[in-house]
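Listing of run-v5.tsv, TSV, C-alpha atoms and all ligand atoms
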chain	number	residue	atom	x	y	z
T	1	MET	CA	41.41	17.95	14.53
T	2	ASP	CA	37.96	18.32	16.08
T	3	THR	CA	36.80	21.06	13.73
T	4	GLY	CA	37.93	18.89	10.81
T	5	LYS	CA	35.76	16.03	12.01
T	6	ILE	CA	32.77	18.32	12.07
T	7	VAL	CA	33.43	19.30	8.46
T	8	ILE	CA	33.27	15.73	7.19
T	9	GLN	CA	30.26	15.02	9.38
T	10	ILE	CA	28.40	17.96	7.89
T	11	ILE	CA	29.32	16.88	4.39
T	12	LEU	CA	28.18	13.33	5.01
T	13	ILE	CA	24.93	14.39	6.65
T	14	ILE	CA	24.12	16.70	3.77
T	15	GLY	CA	25.06	13.96	1.35
T	16	LEU	CA	22.55	11.64	3.00
T	17	ALA	CA	19.85	14.20	3.67
T	18	VAL	CA	19.68	15.63	0.15
T	19	PRO	CA	18.69	12.35	-1.52
T	20	ALA	CA	16.23	11.76	1.31
T	21	ILE	CA	14.58	15.13	0.68
T	22	ILE	CA	14.57	14.62	-3.06
T	23	LEU	CA	12.90	11.30	-2.40
T	24	LEU	CA	10.15	12.83	-0.29
T	25	LEU	CA	9.42	15.73	-2.63
T	26	PRO	CA	7.16	14.87	-5.52
T	27	THR	CA	9.40	14.62	-8.57
T	28	ARG	CA	8.23	16.11	-11.78
T	29	GLY	CA	9.35	13.97	-14.70
T	30	ALA	CA	12.75	15.04	-15.91
T	31	ARG	CA	14.31	16.14	-12.63
T	32	GLY	CA	14.79	12.71	-11.07
T	33	LEU	CA	16.32	11.28	-14.18
T	34	ALA	CA	18.55	14.31	-14.70
T	35	LEU	CA	19.75	14.14	-11.09
T	36	ARG	CA	20.56	10.47	-11.41
T	37	ARG	CA	22.58	11.13	-14.52
T	38	LEU	CA	24.39	14.11	-13.06
T	39	THR	CA	25.28	12.10	-9.98
T	40	MET	CA	26.72	9.32	-12.07
T	41	LEU	CA	28.61	11.82	-14.19
T	42	ALA	CA	30.03	13.57	-11.14
T	43	ALA	CA	31.08	10.26	-9.62
T	44	LEU	CA	32.88	9.29	-12.81
T	45	ILE	CA	34.70	12.62	-13.09
T	46	VAL	CA	35.76	12.48	-9.46
T	47	GLY	CA	37.02	8.96	-10.13
T	48	ILE	CA	39.07	10.10	-13.12
T	49	ILE	CA	40.56	13.01	-11.20
T	50	ALA	CA	41.43	10.71	-8.32
T	51	VAL	CA	43.22	8.38	-10.74
T	52	ILE	CA	45.21	11.19	-12.35
T	53	PHE	CA	46.16	12.85	-9.07
T	54	PRO	CA	46.36	10.08	-6.47
T	55	SER	CA	47.71	12.45	-3.85
T	56	LEU	CA	44.75	14.75	-4.29
T	57	ALA	CA	42.43	12.38	-2.48
T	58	ASN	CA	44.70	12.40	0.54
T	59	ALA	CA	45.00	16.17	0.52
T	60	VAL	CA	41.24	16.65	0.35
T	61	ALA	CA	40.73	14.04	3.03
T	62	ASN	CA	43.09	15.83	5.36
T	63	ALA	CA	41.44	19.15	4.62
T	64	VAL	CA	37.99	17.90	5.68
T	65	GLY	CA	39.30	15.90	8.62
T	66	VAL	CA	39.40	12.33	7.34
T	67	GLY	CA	42.55	10.30	7.91
T	68	ARG	CA	43.17	8.80	4.51
T	69	GLY	CA	42.06	9.44	0.94
T	70	ALA	CA	40.77	5.87	0.72
T	71	ASP	CA	38.39	6.53	3.61
T	72	LEU	CA	37.07	9.62	1.90
T	73	LEU	CA	36.45	7.67	-1.29
T	74	LEU	CA	34.60	5.05	0.70
T	75	TYR	CA	32.37	7.69	2.30
T	76	GLY	CA	31.66	9.21	-1.06
T	77	LEU	CA	30.89	5.80	-2.49
T	78	ILE	CA	28.41	5.07	0.29
T	79	ILE	CA	26.57	8.34	-0.29
T	80	VAL	CA	26.38	7.90	-4.03
T	81	PHE	CA	25.29	4.30	-3.59
T	82	ILE	CA	22.47	5.12	-1.20
T	83	GLY	CA	21.28	8.10	-3.22
T	84	TYR	CA	21.33	6.08	-6.41
T	85	GLY	CA	19.46	3.22	-4.77
T	86	LEU	CA	16.75	5.51	-3.41
T	87	SER	CA	16.19	7.38	-6.64
T	88	THR	CA	16.17	4.18	-8.64
T	89	SER	CA	13.55	2.62	-6.41
T	90	ALA	CA	11.39	5.75	-6.71
T	91	HIS	CA	11.75	5.47	-10.46
T	92	LEU	CA	10.81	1.79	-10.36
T	93	ARG	CA	7.67	2.55	-8.39
T	94	LYS	CA	6.63	5.01	-11.05
T	95	VAL	CA	7.23	2.46	-13.78
T	96	ASP	CA	5.22	-0.04	-11.75
T	97	ARG	CA	2.27	2.31	-11.72
T	98	GLN	CA	2.54	2.85	-15.44
T	99	ILE	CA	2.61	-0.89	-16.10
T	100	SER	CA	-0.49	-1.27	-13.95
T	101	GLU	CA	-2.34	1.38	-15.93
T	102	LEU	CA	-1.31	-0.22	-19.20
T	103	THR	CA	-2.27	-3.70	-18.10
T	104	ARG	CA	-5.61	-2.43	-16.85
T	105	GLU	CA	-6.44	-0.60	-20.08
T	106	LEU	CA	-5.48	-3.65	-22.10
T	107	ALA	CA	-7.50	-6.01	-19.91
T	108	ILE	CA	-10.63	-3.89	-20.16
T	109	ALA	CA	-10.22	-3.29	-23.88
T	110	GLU	CA	-9.91	-7.02	-24.54
T	111	ALA	CA	-12.79	-8.11	-22.32
T	112	LYS	CA	-16.35	-8.31	-23.56
T	113	PRO	CA	-18.17	-5.18	-22.38
T	114	PRO	CA	-20.29	-5.73	-19.29
T	115	ALA	CA	-23.79	-6.52	-20.48
T	116	PRO	CA	-25.86	-7.27	-17.39
T	117	SER	CA	-26.51	-10.98	-16.96
T	118	SER	CA	-29.91	-12.49	-16.53
T	119	THR	CA	-30.24	-14.36	-13.28
T	120	ALA	CA	-28.53	-17.71	-13.16
T	121	ALA	CA	-31.90	-19.34	-12.56
T	122	GLU	CA	-33.34	-17.99	-15.82
T	123	GLU	CA	-30.48	-19.45	-17.83
T	124	HIS	CA	-31.21	-22.99	-16.73
K	1	MET	CA	-20.60	-27.21	3.80
K	2	THR	CA	-18.86	-27.68	0.50
K	3	ALA	CA	-15.18	-27.32	-0.34
K	4	ALA	CA	-15.63	-23.64	-1.04
K	5	GLY	CA	-17.34	-23.11	2.28
K	6	THR	CA	-20.59	-22.08	0.61
K	7	SER	CA	-23.86	-23.37	1.93
K	8	GLU	CA	-26.51	-24.82	-0.33
K	9	SER	CA	-29.37	-22.34	-0.04
K	10	ALA	CA	-28.89	-19.00	-1.76
K	11	PRO	CA	-30.49	-15.85	-0.35
K	12	VAL	CA	-32.89	-14.03	-2.65
K	13	ALA	CA	-32.27	-10.44	-3.69
K	14	THR	CA	-34.96	-8.07	-4.92
K	15	PRO	CA	-34.93	-7.63	-8.72
K	16	GLU	CA	-33.62	-4.11	-8.19
K	17	ILE	CA	-30.62	-5.32	-6.22
K	18	ALA	CA	-30.03	-8.34	-8.47
K	19	ARG	CA	-29.91	-6.08	-11.52
K	20	GLY	CA	-28.06	-3.17	-9.96
K	21	THR	CA	-25.29	-4.99	-8.12
K	22	TRP	CA	-21.93	-6.04	-9.53
K	23	LEU	CA	-19.66	-8.39	-7.64
K	24	VAL	CA	-15.99	-7.67	-8.26
K	25	VAL	CA	-13.90	-10.74	-7.52
K	26	PRO	CA	-10.10	-10.63	-7.52
K	27	LEU	CA	-8.97	-14.01	-8.79
K	28	TYR	CA	-5.57	-15.58	-8.56
K	29	ASN	CA	-5.00	-19.31	-8.79
K	30	GLU	CA	-8.30	-20.42	-7.30
K	31	ALA	CA	-9.26	-22.96	-9.98
K	32	PRO	CA	-10.40	-25.67	-7.52
K	33	VAL	CA	-13.13	-23.47	-6.02
K	34	ILE	CA	-13.89	-20.48	-8.24
K	35	ARG	CA	-16.52	-22.14	-10.41
K	36	GLU	CA	-18.56	-23.20	-7.42
K	37	VAL	CA	-18.16	-19.81	-5.75
K	38	VAL	CA	-19.33	-18.01	-8.89
K	39	GLU	CA	-22.26	-20.37	-9.45
K	40	HIS	CA	-23.37	-19.98	-5.88
K	41	THR	CA	-23.11	-16.20	-5.70
K	42	ARG	CA	-24.76	-15.77	-9.09
K	43	ARG	CA	-27.97	-17.23	-7.74
K	44	THR	CA	-28.23	-14.04	-5.71
K	45	PHE	CA	-26.13	-11.60	-7.73
K	46	PRO	CA	-26.15	-12.43	-11.47
K	47	ASN	CA	-23.53	-9.82	-12.36
K	48	VAL	CA	-20.10	-11.10	-11.40
K	49	VAL	CA	-16.79	-9.97	-12.82
K	50	CYS	CA	-13.67	-11.95	-11.97
K	51	VAL	CA	-10.38	-10.18	-12.53
K	52	ASP	CA	-7.91	-12.91	-13.29
K	53	ASP	CA	-4.40	-11.82	-12.58
K	54	GLY	CA	-2.20	-14.07	-14.65
K	55	SER	CA	-3.32	-17.25	-12.91
K	56	SER	CA	-1.44	-20.34	-14.05
K	57	ASP	CA	-4.10	-22.90	-13.18
K	58	GLY	CA	-7.07	-22.29	-15.45
K	59	SER	CA	-8.92	-20.07	-12.99
K	60	ALA	CA	-10.24	-17.87	-15.82
K	61	GLU	CA	-11.88	-20.78	-17.67
K	62	GLU	CA	-13.41	-22.07	-14.45
K	63	ALA	CA	-14.82	-18.63	-13.68
K	64	ARG	CA	-16.29	-18.35	-17.17
K	65	ALA	CA	-17.79	-21.81	-16.84
K	66	GLY	CA	-19.47	-20.60	-13.68
K	67	GLY	CA	-21.03	-17.73	-15.64
K	68	ALA	CA	-18.81	-14.83	-14.58
K	69	HIS	CA	-17.52	-12.05	-16.77
K	70	VAL	CA	-13.76	-12.37	-16.86
K	71	VAL	CA	-11.20	-9.60	-17.29
K	72	GLN	CA	-7.62	-10.76	-17.55
K	73	HIS	CA	-4.48	-8.92	-16.58
K	74	ALA	CA	-1.60	-9.89	-18.84
K	75	VAL	CA	0.77	-10.02	-15.86
K	76	ASN	CA	0.20	-10.45	-12.15
K	77	LEU	CA	-0.34	-7.08	-10.53
K	78	GLY	CA	-1.93	-8.01	-7.23
K	79	GLN	CA	-5.28	-7.94	-5.50
K	80	GLY	CA	-5.54	-4.14	-5.21
K	81	ALA	CA	-4.89	-3.60	-8.89
K	82	ALA	CA	-7.42	-6.30	-9.73
K	83	LEU	CA	-10.10	-4.58	-7.65
K	84	GLN	CA	-9.51	-1.26	-9.40
K	85	THR	CA	-9.75	-2.98	-12.79
K	86	GLY	CA	-12.93	-4.80	-11.82
K	87	ILE	CA	-14.56	-1.62	-10.55
K	88	ARG	CA	-13.68	0.26	-13.73
K	89	TYR	CA	-15.13	-2.60	-15.74
K	90	ALA	CA	-18.37	-2.86	-13.78
K	91	LEU	CA	-18.96	0.90	-13.91
K	92	GLN	CA	-19.10	0.66	-17.70
K	93	ASP	CA	-22.55	-0.81	-17.16
K	94	PRO	CA	-24.76	2.25	-16.65
K	95	GLY	CA	-27.17	0.07	-14.67
K	96	ALA	CA	-24.55	-0.69	-12.04
K	97	ARG	CA	-25.71	0.97	-8.81
K	98	TRP	CA	-23.78	-0.98	-6.21
K	99	ILE	CA	-20.35	-2.58	-6.28
K	100	VAL	CA	-19.42	-5.40	-3.95
K	101	THR	CA	-15.84	-6.64	-3.55
K	102	PHE	CA	-15.90	-10.35	-2.86
K	103	ASP	CA	-13.11	-12.92	-2.46
K	104	ALA	CA	-12.70	-15.82	-4.84
K	105	ASP	CA	-11.63	-18.35	-2.26
K	106	GLY	CA	-15.09	-19.03	-0.83
K	107	GLN	CA	-14.42	-17.20	2.43
K	108	HIS	CA	-17.25	-14.71	2.03
K	109	ARG	CA	-20.94	-15.37	2.37
K	110	THR	CA	-23.54	-14.13	-0.10
K	111	GLU	CA	-25.96	-13.44	2.76
K	112	ASP	CA	-23.52	-10.94	4.22
K	113	ALA	CA	-23.03	-9.24	0.86
K	114	LEU	CA	-26.77	-8.97	0.36
K	115	ARG	CA	-27.32	-7.43	3.79
K	116	MET	CA	-24.63	-4.88	3.03
K	117	VAL	CA	-26.23	-3.83	-0.27
K	118	GLU	CA	-29.61	-3.61	1.41
K	119	ARG	CA	-28.11	-1.22	3.91
K	120	LEU	CA	-26.74	0.95	1.11
K	121	GLN	CA	-30.20	1.02	-0.37
K	122	ALA	CA	-31.98	1.85	2.86
K	123	GLU	CA	-29.54	4.09	4.70
K	124	PRO	CA	-27.68	7.25	3.71
K	125	LEU	CA	-24.32	5.47	3.31
K	126	ASP	CA	-21.60	5.45	0.66
K	127	ILE	CA	-19.83	2.27	1.71
K	128	VAL	CA	-20.39	-0.64	4.06
K	129	ILE	CA	-17.36	-2.59	5.19
K	130	GLY	CA	-17.44	-6.11	6.52
K	131	SER	CA	-15.94	-6.82	9.90
K	132	ARG	CA	-14.90	-10.17	11.27
K	133	PHE	CA	-14.68	-8.85	14.79
K	134	LEU	CA	-18.10	-7.44	15.58
K	135	ASP	CA	-19.24	-10.86	16.74
K	136	GLY	CA	-17.49	-14.08	17.68
K	137	ARG	CA	-18.21	-16.23	14.65
K	138	THR	CA	-14.94	-15.86	12.74
K	139	LYS	CA	-11.94	-17.80	14.09
K	140	PRO	CA	-8.76	-16.51	12.45
K	141	GLY	CA	-6.22	-17.88	14.92
K	142	LEU	CA	-4.38	-16.01	17.63
K	143	LEU	CA	-1.38	-14.61	15.77
K	144	LYS	CA	-3.50	-13.44	12.85
K	145	ARG	CA	-5.87	-11.76	15.29
K	146	LEU	CA	-2.99	-9.90	16.92
K	147	VAL	CA	-1.64	-8.68	13.59
K	148	LEU	CA	-5.09	-7.54	12.50
K	149	ARG	CA	-5.54	-5.71	15.82
K	150	ALA	CA	-2.26	-3.91	15.28
K	151	ALA	CA	-3.35	-3.00	11.75
K	152	VAL	CA	-6.58	-1.51	13.09
K	153	ILE	CA	-4.71	0.66	15.58
K	154	PHE	CA	-2.21	1.78	12.94
K	155	GLN	CA	-5.16	2.67	10.74
K	156	ARG	CA	-6.87	4.75	13.40
K	157	VAL	CA	-3.74	6.74	13.98
K	158	THR	CA	-2.94	7.36	10.31
K	159	SER	CA	-6.39	7.92	8.83
K	160	GLY	CA	-8.65	8.77	11.75
K	161	VAL	CA	-11.17	6.27	10.45
K	162	ARG	CA	-12.40	3.99	13.20
K	163	LEU	CA	-12.95	0.44	11.99
K	164	THR	CA	-12.73	-2.86	13.80
K	165	ASP	CA	-11.35	-4.88	10.89
K	166	ALA	CA	-8.68	-3.30	8.73
K	167	HIS	CA	-8.27	-5.92	6.05
K	168	ASN	CA	-11.64	-7.33	5.17
K	169	GLY	CA	-12.15	-8.04	1.47
K	170	LEU	CA	-15.95	-7.87	1.69
K	171	ARG	CA	-17.17	-4.34	1.00
K	172	ALA	CA	-20.24	-2.86	-0.64
K	173	MET	CA	-20.26	0.64	-2.08
K	174	THR	CA	-22.46	2.87	-4.16
K	175	ARG	CA	-21.63	3.63	-7.76
K	176	GLU	CA	-20.61	7.17	-6.78
K	177	ALA	CA	-18.23	5.98	-4.07
K	178	ALA	CA	-16.73	3.34	-6.35
K	179	GLY	CA	-16.09	6.00	-8.96
K	180	ARG	CA	-14.26	8.23	-6.50
K	181	ILE	CA	-12.04	5.67	-4.81
K	182	ARG	CA	-8.69	5.24	-6.54
K	183	ILE	CA	-6.72	2.15	-5.66
K	184	THR	CA	-3.07	2.65	-6.51
K	185	GLN	CA	-1.62	0.10	-4.10
K	186	ASN	CA	-1.37	-2.96	-6.27
K	187	ARG	CA	-0.90	-5.59	-3.63
K	188	MET	CA	-2.39	-6.06	-0.20
K	189	ALA	CA	-1.85	-2.52	1.11
K	190	HIS	CA	-4.89	-1.45	-0.94
K	191	ALA	CA	-7.12	-2.32	2.01
K	192	SER	CA	-5.53	0.40	4.13
K	193	GLU	CA	-5.50	2.71	1.14
K	194	ILE	CA	-9.27	2.36	0.74
K	195	VAL	CA	-9.77	3.21	4.41
K	196	ASP	CA	-7.48	6.24	4.10
K	197	GLN	CA	-9.63	7.44	1.22
K	198	LEU	CA	-12.82	6.98	3.23
K	199	GLY	CA	-11.37	9.63	5.50
K	200	GLU	CA	-10.06	11.92	2.76
K	201	LEU	CA	-13.18	11.78	0.60
K	202	GLU	CA	-15.37	12.05	3.69
K	203	LEU	CA	-17.45	9.09	2.61
K	204	ARG	CA	-20.26	7.95	4.88
K	205	TYR	CA	-19.28	4.48	6.04
K	206	ALA	CA	-20.61	1.79	8.32
K	207	GLU	CA	-19.46	-1.64	9.40
K	208	GLU	CA	-21.45	-4.79	9.09
K	209	PRO	CA	-20.64	-7.98	11.01
K	210	VAL	CA	-19.70	-10.73	8.57
K	211	HIS	CA	-18.58	-14.28	8.91
K	212	VAL	CA	-15.30	-15.06	7.17
K	213	ILE	CA	-15.04	-18.79	6.72
K	214	TYR	CA	-11.61	-20.27	7.31
K	215	THR	CA	-11.72	-23.59	5.49
K	216	ASP	CA	-8.64	-25.76	5.13
K	217	TYR	CA	-8.48	-24.62	1.54
K	218	SER	CA	-8.47	-20.92	2.37
K	219	ARG	CA	-6.11	-21.41	5.28
K	220	SER	CA	-3.60	-23.18	3.09
K	221	LYS	CA	-3.76	-20.37	0.55
K	222	GLY	CA	-4.39	-17.28	2.65
K	223	GLN	CA	-2.05	-14.47	3.52
K	224	SER	CA	1.07	-15.41	5.39
K	225	LEU	CA	1.82	-13.13	8.27
K	226	TRP	CA	5.08	-12.19	6.58
K	227	ASN	CA	2.92	-10.20	4.25
K	228	SER	CA	2.09	-7.74	7.02
K	229	VAL	CA	5.72	-6.59	6.82
K	230	ASN	CA	5.28	-6.01	3.10
K	231	ILE	CA	2.03	-4.17	3.62
K	232	LEU	CA	3.61	-1.85	6.15
K	233	SER	CA	6.54	-1.03	3.90
K	234	GLU	CA	4.25	-0.46	0.93
K	235	LEU	CA	2.27	2.04	3.00
K	236	ILE	CA	5.34	3.92	4.15
K	237	PHE	CA	7.25	4.06	0.85
K	238	LYS	CA	4.33	4.95	-1.39
J	1	LIG	N1	-6.24	-10.62	-8.86
J	1	LIG	C1	-5.54	-11.07	-7.81
J	1	LIG	N2	-6.20	-11.59	-6.80
J	1	LIG	C2	-5.49	-12.04	-5.76
J	1	LIG	C3	-4.08	-11.98	-5.67
J	1	LIG	N3	-3.70	-12.51	-4.49
J	1	LIG	C4	-4.83	-12.89	-3.87
J	1	LIG	N4	-5.91	-12.63	-4.64
J	1	LIG	C5	-7.33	-12.87	-4.38
J	1	LIG	O1	-7.71	-12.09	-3.28
J	1	LIG	C6	-8.63	-12.78	-2.48
J	1	LIG	C7	-8.15	-12.86	-1.07
J	1	LIG	O2	-6.89	-13.43	-1.02
J	1	LIG	P1	-6.33	-14.15	0.27
J	1	LIG	O3	-4.93	-14.53	-0.07
J	1	LIG	O4	-7.25	-15.21	0.71
J	1	LIG	O5	-6.28	-12.93	1.33
J	1	LIG	P2	-7.19	-12.67	2.57
J	1	LIG	O6	-8.54	-13.29	2.37
J	1	LIG	O7	-7.13	-11.22	2.83
J	1	LIG	O8	-6.39	-13.40	3.73
J	1	LIG	P3	-6.83	-14.65	4.63
J	1	LIG	O9	-7.60	-14.03	5.76
J	1	LIG	O10	-5.52	-15.27	5.07
J	1	LIG	O11	-7.62	-15.57	3.79
J	1	LIG	C8	-8.85	-14.13	-3.16
J	1	LIG	O12	-10.00	-14.00	-3.95
J	1	LIG	C9	-7.62	-14.30	-4.01
J	1	LIG	O13	-7.86	-15.08	-5.14
J	1	LIG	C10	-3.39	-11.43	-6.79
J	1	LIG	O14	-2.17	-11.32	-6.85
J	1	LIG	N5	-4.17	-10.97	-7.83
J	2	MG	MG	-8.65	-15.40	1.93
Translate the structure of the given file into structure tokens.
Ligand SMILES: Nc1nc2c(ncn2[C@@H]2O[C@H](COP(=O)(O)OP(=O)(O)OP(=O)(O)O)[C@@H](O)[C@H]2O)c(=O)[nH]1
Ligand SMILES: [Mg+2]
Amino acid sequence: MDTGKIVIQIILIIGLAVPAIILLLPTRGARGLALRRLTMLAALIVGIIAVIFPSLANAVANAVGVGRGADLLLYGLIIVFIGYGLSTSAHLRKVDRQISELTRELAIAEAKPPAPSSTAAEEH
Amino acid sequence: MTAAGTSESAPVATPEIARGTWLVVPLYNEAPVIREVVEHTRRTFPNVVCVDDGSSDGSAEEARAGGAHVVQHAVNLGQGAALQTGIRYALQDPGARWIVTFDADGQHRTEDALRMVERLQAEPLDIVIGSRFLDGRTKPGLLKRLVLRAAVIFQRVTSGVRLTDAHNGLRAMTREAAGRIRITQNRMAHASEIVDQLGELELRYAEEPVHVIYTDYSRSKGQSLWNSVNILSELIFK
């Protein structure tokens, strides 16, 4: 089953490379969020299908060269987990930046505007 | 020498420099020393803004008591974010011609800051960066020296800017340069970010030997070497 092994390897590599590329490309607003949601949705649907047709997982696993359906599910889980983790941390960094901007605006707005001080010596 | 590491006599700046310079001081839990540091530096540079970053020890009040302007972040963002806030604040004063970034923990010397501003005034430079390693006065300890060396080499490779000290908090820049630099790295990686931007913005820079004073106080509070791991990861995963 050497060709089969290659199939699952390709699938796994693509599964890991795609989130990596998405991570490196600059995301414009809605795409990252939409991708995260679609991924979750797809994972849930696959889960439901796997529950309804337990034998299906095995059949697909054999087709792509993995021994058991459970192994295939584990591989899938790992990919989804890593992709989700990466996209979430990118999202968090963006939120971080926004919080910084907000905090900065607030801090400057609340501070007394910077009138130049006389020298310390003159004050005494 | 006092607790803050400041000496008693204060250097005298020309009226032009005294009026036109703003010291931007990132401040985080330095209540025991900040008042003295502000009082001392204000004898040379009257305009001081401390950016308090959610300190829990009354640092802001102490800084105000010392005569500094205080801007307060509602939550702790980090030294880099504080510098960007302080610069924005100081540039609101149309008379601000030079911005100096200066640590709150008493490690920097006013003399050094003054020399750096004088260079900006006299030479065609946009920014002067302090370096601990141009002479032998500063004694940071062996491991720290090694980490800082590694940081310098990393910097040369990634930005092409050749400096001898990658993470020195003492810098002086012109109003124009301060307005162009954008610090987005909130925590300690901002130092490398500033150097990267020197390269990208093609700013004219020079280094000035400075003496960073390692008192027991600053040593007990300073950056742990673990932080270099954090800095590296912040630079890679922007
Ligand atoms: N606003 C703000 N300032 C900070 C923060 N952490 C440190 N600082 C300030 O940044 C300055 C330098 O901090 P240090 O921790 O001494 O770092 P360092 O001088 O680069 O490192 P050492 O060489 O070990 O002293 C001091 O004025 C601190 O008060 C922070 O989270 N927010
Ligand atoms: Mg320090």
**OP:** Give the residues close to ligand MG 2 (chain J), within 9 Å, counting all atoms listed in the file; write them as a list in words.
**Re:** Asp103, Ala104, Asp105, Gly106, Gln107, His108, Gly169, Val212, Ile213, Tyr214, Ser218, Arg219, Lys221, Gly222 and Gln223 of chain K
**OP:** Dump the neighbourhood of ligand LIG 1 (chain J) as a PyMOL selection string: all residues within 9 Å, distances computed on only C-alpha atoms and all ligand atoms.
**Re:** chain K and resi 25-30+34+50-55+72-73+76-83+102-108+140+144+167-169+186-188+191+212-214+218-225
**OP:** Rank nothing, just name the residue among K:Gly199, K:Pro11, K:Gly86, K:Gly20 nearest to Ala111 (chain T), using only C-alpha atoms.
**Re:** K:Gly86
**OP:** Measuring atom to atom with all atoms listed in the file, identify which of K:Gly179, K:Pro32, K:Gly95, K:Gly58 is nearest to chain T.
**Re:**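 Closest residue, counting all atoms listed in the file: K:Gly95.
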Original post:
By how many Å are CA of Asp96 (chain T) and CA of Trp226 (chain K) apart?
Top reply: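 Distance reported for this atom pair: 22.0 Å.
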What are the nearest atom pairs, with distances in Å to one decimal, for all residues of chain K that come at most 10 Å from chain T, using all atoms listed in the file, set out by chain and rising residue number as JSON lines?
{"residue": "K:Pro15", "atom": "CA", "partner": "T:Thr119", "partner_atom": "CA", "distance": 9.4}
{"residue": "K:Ala18", "atom": "CA", "partner": "T:Thr119", "partner_atom": "CA", "distance": 7.7}
{"residue": "K:Arg19", "atom": "CA", "partner": "T:Pro116", "partner_atom": "CA", "distance": 7.2}
{"residue": "K:Gly20", "atom": "CA", "partner": "T:Pro116", "partner_atom": "CA", "distance": 8.8}
{"residue": "K:Thr21", "atom": "CA", "partner": "T:Pro116", "partner_atom": "CA", "distance": 9.6}
{"residue": "K:Trp22", "atom": "CA", "partner": "T:Pro116", "partner_atom": "CA", "distance": 8.9}
{"residue": "K:Glu39", "atom": "CA", "partner": "T:Ala120", "partner_atom": "CA", "distance": 7.8}
{"residue": "K:His40", "atom": "CA", "partner": "T:Ala120", "partner_atom": "CA", "distance": 9.2}
{"residue": "K:Thr41", "atom": "CA", "partner": "T:Ala120", "partner_atom": "CA", "distance": 9.3}
{"residue": "K:Arg42", "atom": "CA", "partner": "T:Ala120", "partner_atom": "CA", "distance": 5.9}
{"residue": "K:Arg43", "atom": "CA", "partner": "T:Ala120", "partner_atom": "CA", "distance": 5.5}
{"residue": "K:Thr44", "atom": "CA", "partner": "T:Thr119", "partner_atom": "CA", "distance": 7.8}
{"residue": "K:Phe45", "atom": "CA", "partner": "T:Thr119", "partner_atom": "CA", "distance": 7.4}
{"residue": "K:Pro46", "atom": "CA", "partner": "T:Thr119", "partner_atom": "CA", "distance": 4.9}
{"residue": "K:Asn47", "atom": "CA", "partner": "T:Ser117", "partner_atom": "CA", "distance": 5.6}
{"residue": "K:Val48", "atom": "CA", "partner": "T:Ser117", "partner_atom": "CA", "distance": 8.5}
{"residue": "K:Val49", "atom": "CA", "partner": "T:Pro114", "partner_atom": "CA", "distance": 8.5}
{"residue": "K:Val51", "atom": "CA", "partner": "T:Ala107", "partner_atom": "CA", "distance": 9.0}
{"residue": "K:Asp52", "atom": "CA", "partner": "T:Ala107", "partner_atom": "CA", "distance": 9.6}
{"residue": "K:Asp53", "atom": "CA", "partner": "T:Ala107", "partner_atom": "CA", "distance": 9.9}
{"residue": "K:Gly66", "atom": "CA", "partner": "T:Ala120", "partner_atom": "CA", "distance": 9.5}
{"residue": "K:Gly67", "atom": "CA", "partner": "T:Ala120", "partner_atom": "CA", "distance": 7.9}
{"residue": "K:Ala68", "atom": "CA", "partner": "T:Ser117", "partner_atom": "CA", "distance": 8.9}
{"residue": "K:His69", "atom": "CA", "partner": "T:Pro114", "partner_atom": "CA", "distance": 7.3}
{"residue": "K:Val70", "atom": "CA", "partner": "T:Ala111", "partner_atom": "CA", "distance": 7.0}
{"residue": "K:Val71", "atom": "CA", "partner": "T:Ala111", "partner_atom": "CA", "distance": 5.5}
{"residue": "K:Gln72", "atom": "CA", "partner": "T:Ala107", "partner_atom": "CA", "distance": 5.3}
{"residue": "K:His73", "atom": "CA", "partner": "T:Ala107", "partner_atom": "CA", "distance": 5.4}
{"residue": "K:Ala74", "atom": "CA", "partner": "T:Thr103", "partner_atom": "CA", "distance": 6.3}
{"residue": "K:Val75", "atom": "CA", "partner": "T:Thr103", "partner_atom": "CA", "distance": 7.4}
{"residue": "K:Asn76", "atom": "CA", "partner": "T:Thr103", "partner_atom": "CA", "distance": 9.3}
{"residue": "K:Leu77", "atom": "CA", "partner": "T:Ser100", "partner_atom": "CA", "distance": 6.7}
{"residue": "K:Gly78", "atom": "CA", "partner": "T:Ser100", "partner_atom": "CA", "distance": 9.6}
{"residue": "K:Ala81", "atom": "CA", "partner": "T:Ser100", "partner_atom": "CA", "distance": 7.1}
{"residue": "K:Ala82", "atom": "CA", "partner": "T:Arg104", "partner_atom": "CA", "distance": 8.3}
{"residue": "K:Gln84", "atom": "CA", "partner": "T:Arg104", "partner_atom": "CA", "distance": 8.5}
{"residue": "K:Thr85", "atom": "CA", "partner": "T:Arg104", "partner_atom": "CA", "distance": 5.8}
{"residue": "K:Gly86", "atom": "CA", "partner": "T:Ile108", "partner_atom": "CA", "distance": 8.7}
{"residue": "K:Arg88", "atom": "CA", "partner": "T:Ile108", "partner_atom": "CA", "distance": 8.2}
{"residue": "K:Tyr89", "atom": "CA", "partner": "T:Ile108", "partner_atom": "CA", "distance": 6.4}
{"residue": "K:Ala90", "atom": "CA", "partner": "T:Pro114", "partner_atom": "CA", "distance": 6.5}
{"residue": "K:Leu91", "atom": "CA", "partner": "T:Pro114", "partner_atom": "CA", "distance": 8.6}
{"residue": "K:Gln92", "atom": "CA", "partner": "T:Pro114", "partner_atom": "CA", "distance": 6.7}
{"residue": "K:Asp93", "atom": "CA", "partner": "T:Pro114", "partner_atom": "CA", "distance": 5.8}
{"residue": "K:Pro94", "atom": "CA", "partner": "T:Pro114", "partner_atom": "CA", "distance": 9.5}
{"residue": "K:Gly95", "atom": "CA", "partner": "T:Pro116", "partner_atom": "CA", "distance": 7.9}
{"residue": "K:Ala96", "atom": "CA", "partner": "T:Pro116", "partner_atom": "CA", "distance": 8.6}
{"residue": "K:Thr184", "atom": "CA", "partner": "T:Arg97", "partner_atom": "CA", "distance": 7.5}
{"residue": "K:Gln185", "atom": "CA", "partner": "T:Arg97", "partner_atom": "CA", "distance": 8.8}
{"residue": "K:Asn186", "atom": "CA", "partner": "T:Ser100", "partner_atom": "CA", "distance": 7.9}
{"residue": "K:Phe237", "atom": "CA", "partner": "T:Ala90", "partner_atom": "CA", "distance": 8.8}
{"residue": "K:Lys238", "atom": "CA", "partner": "T:Arg93", "partner_atom": "CA", "distance": 8.1}
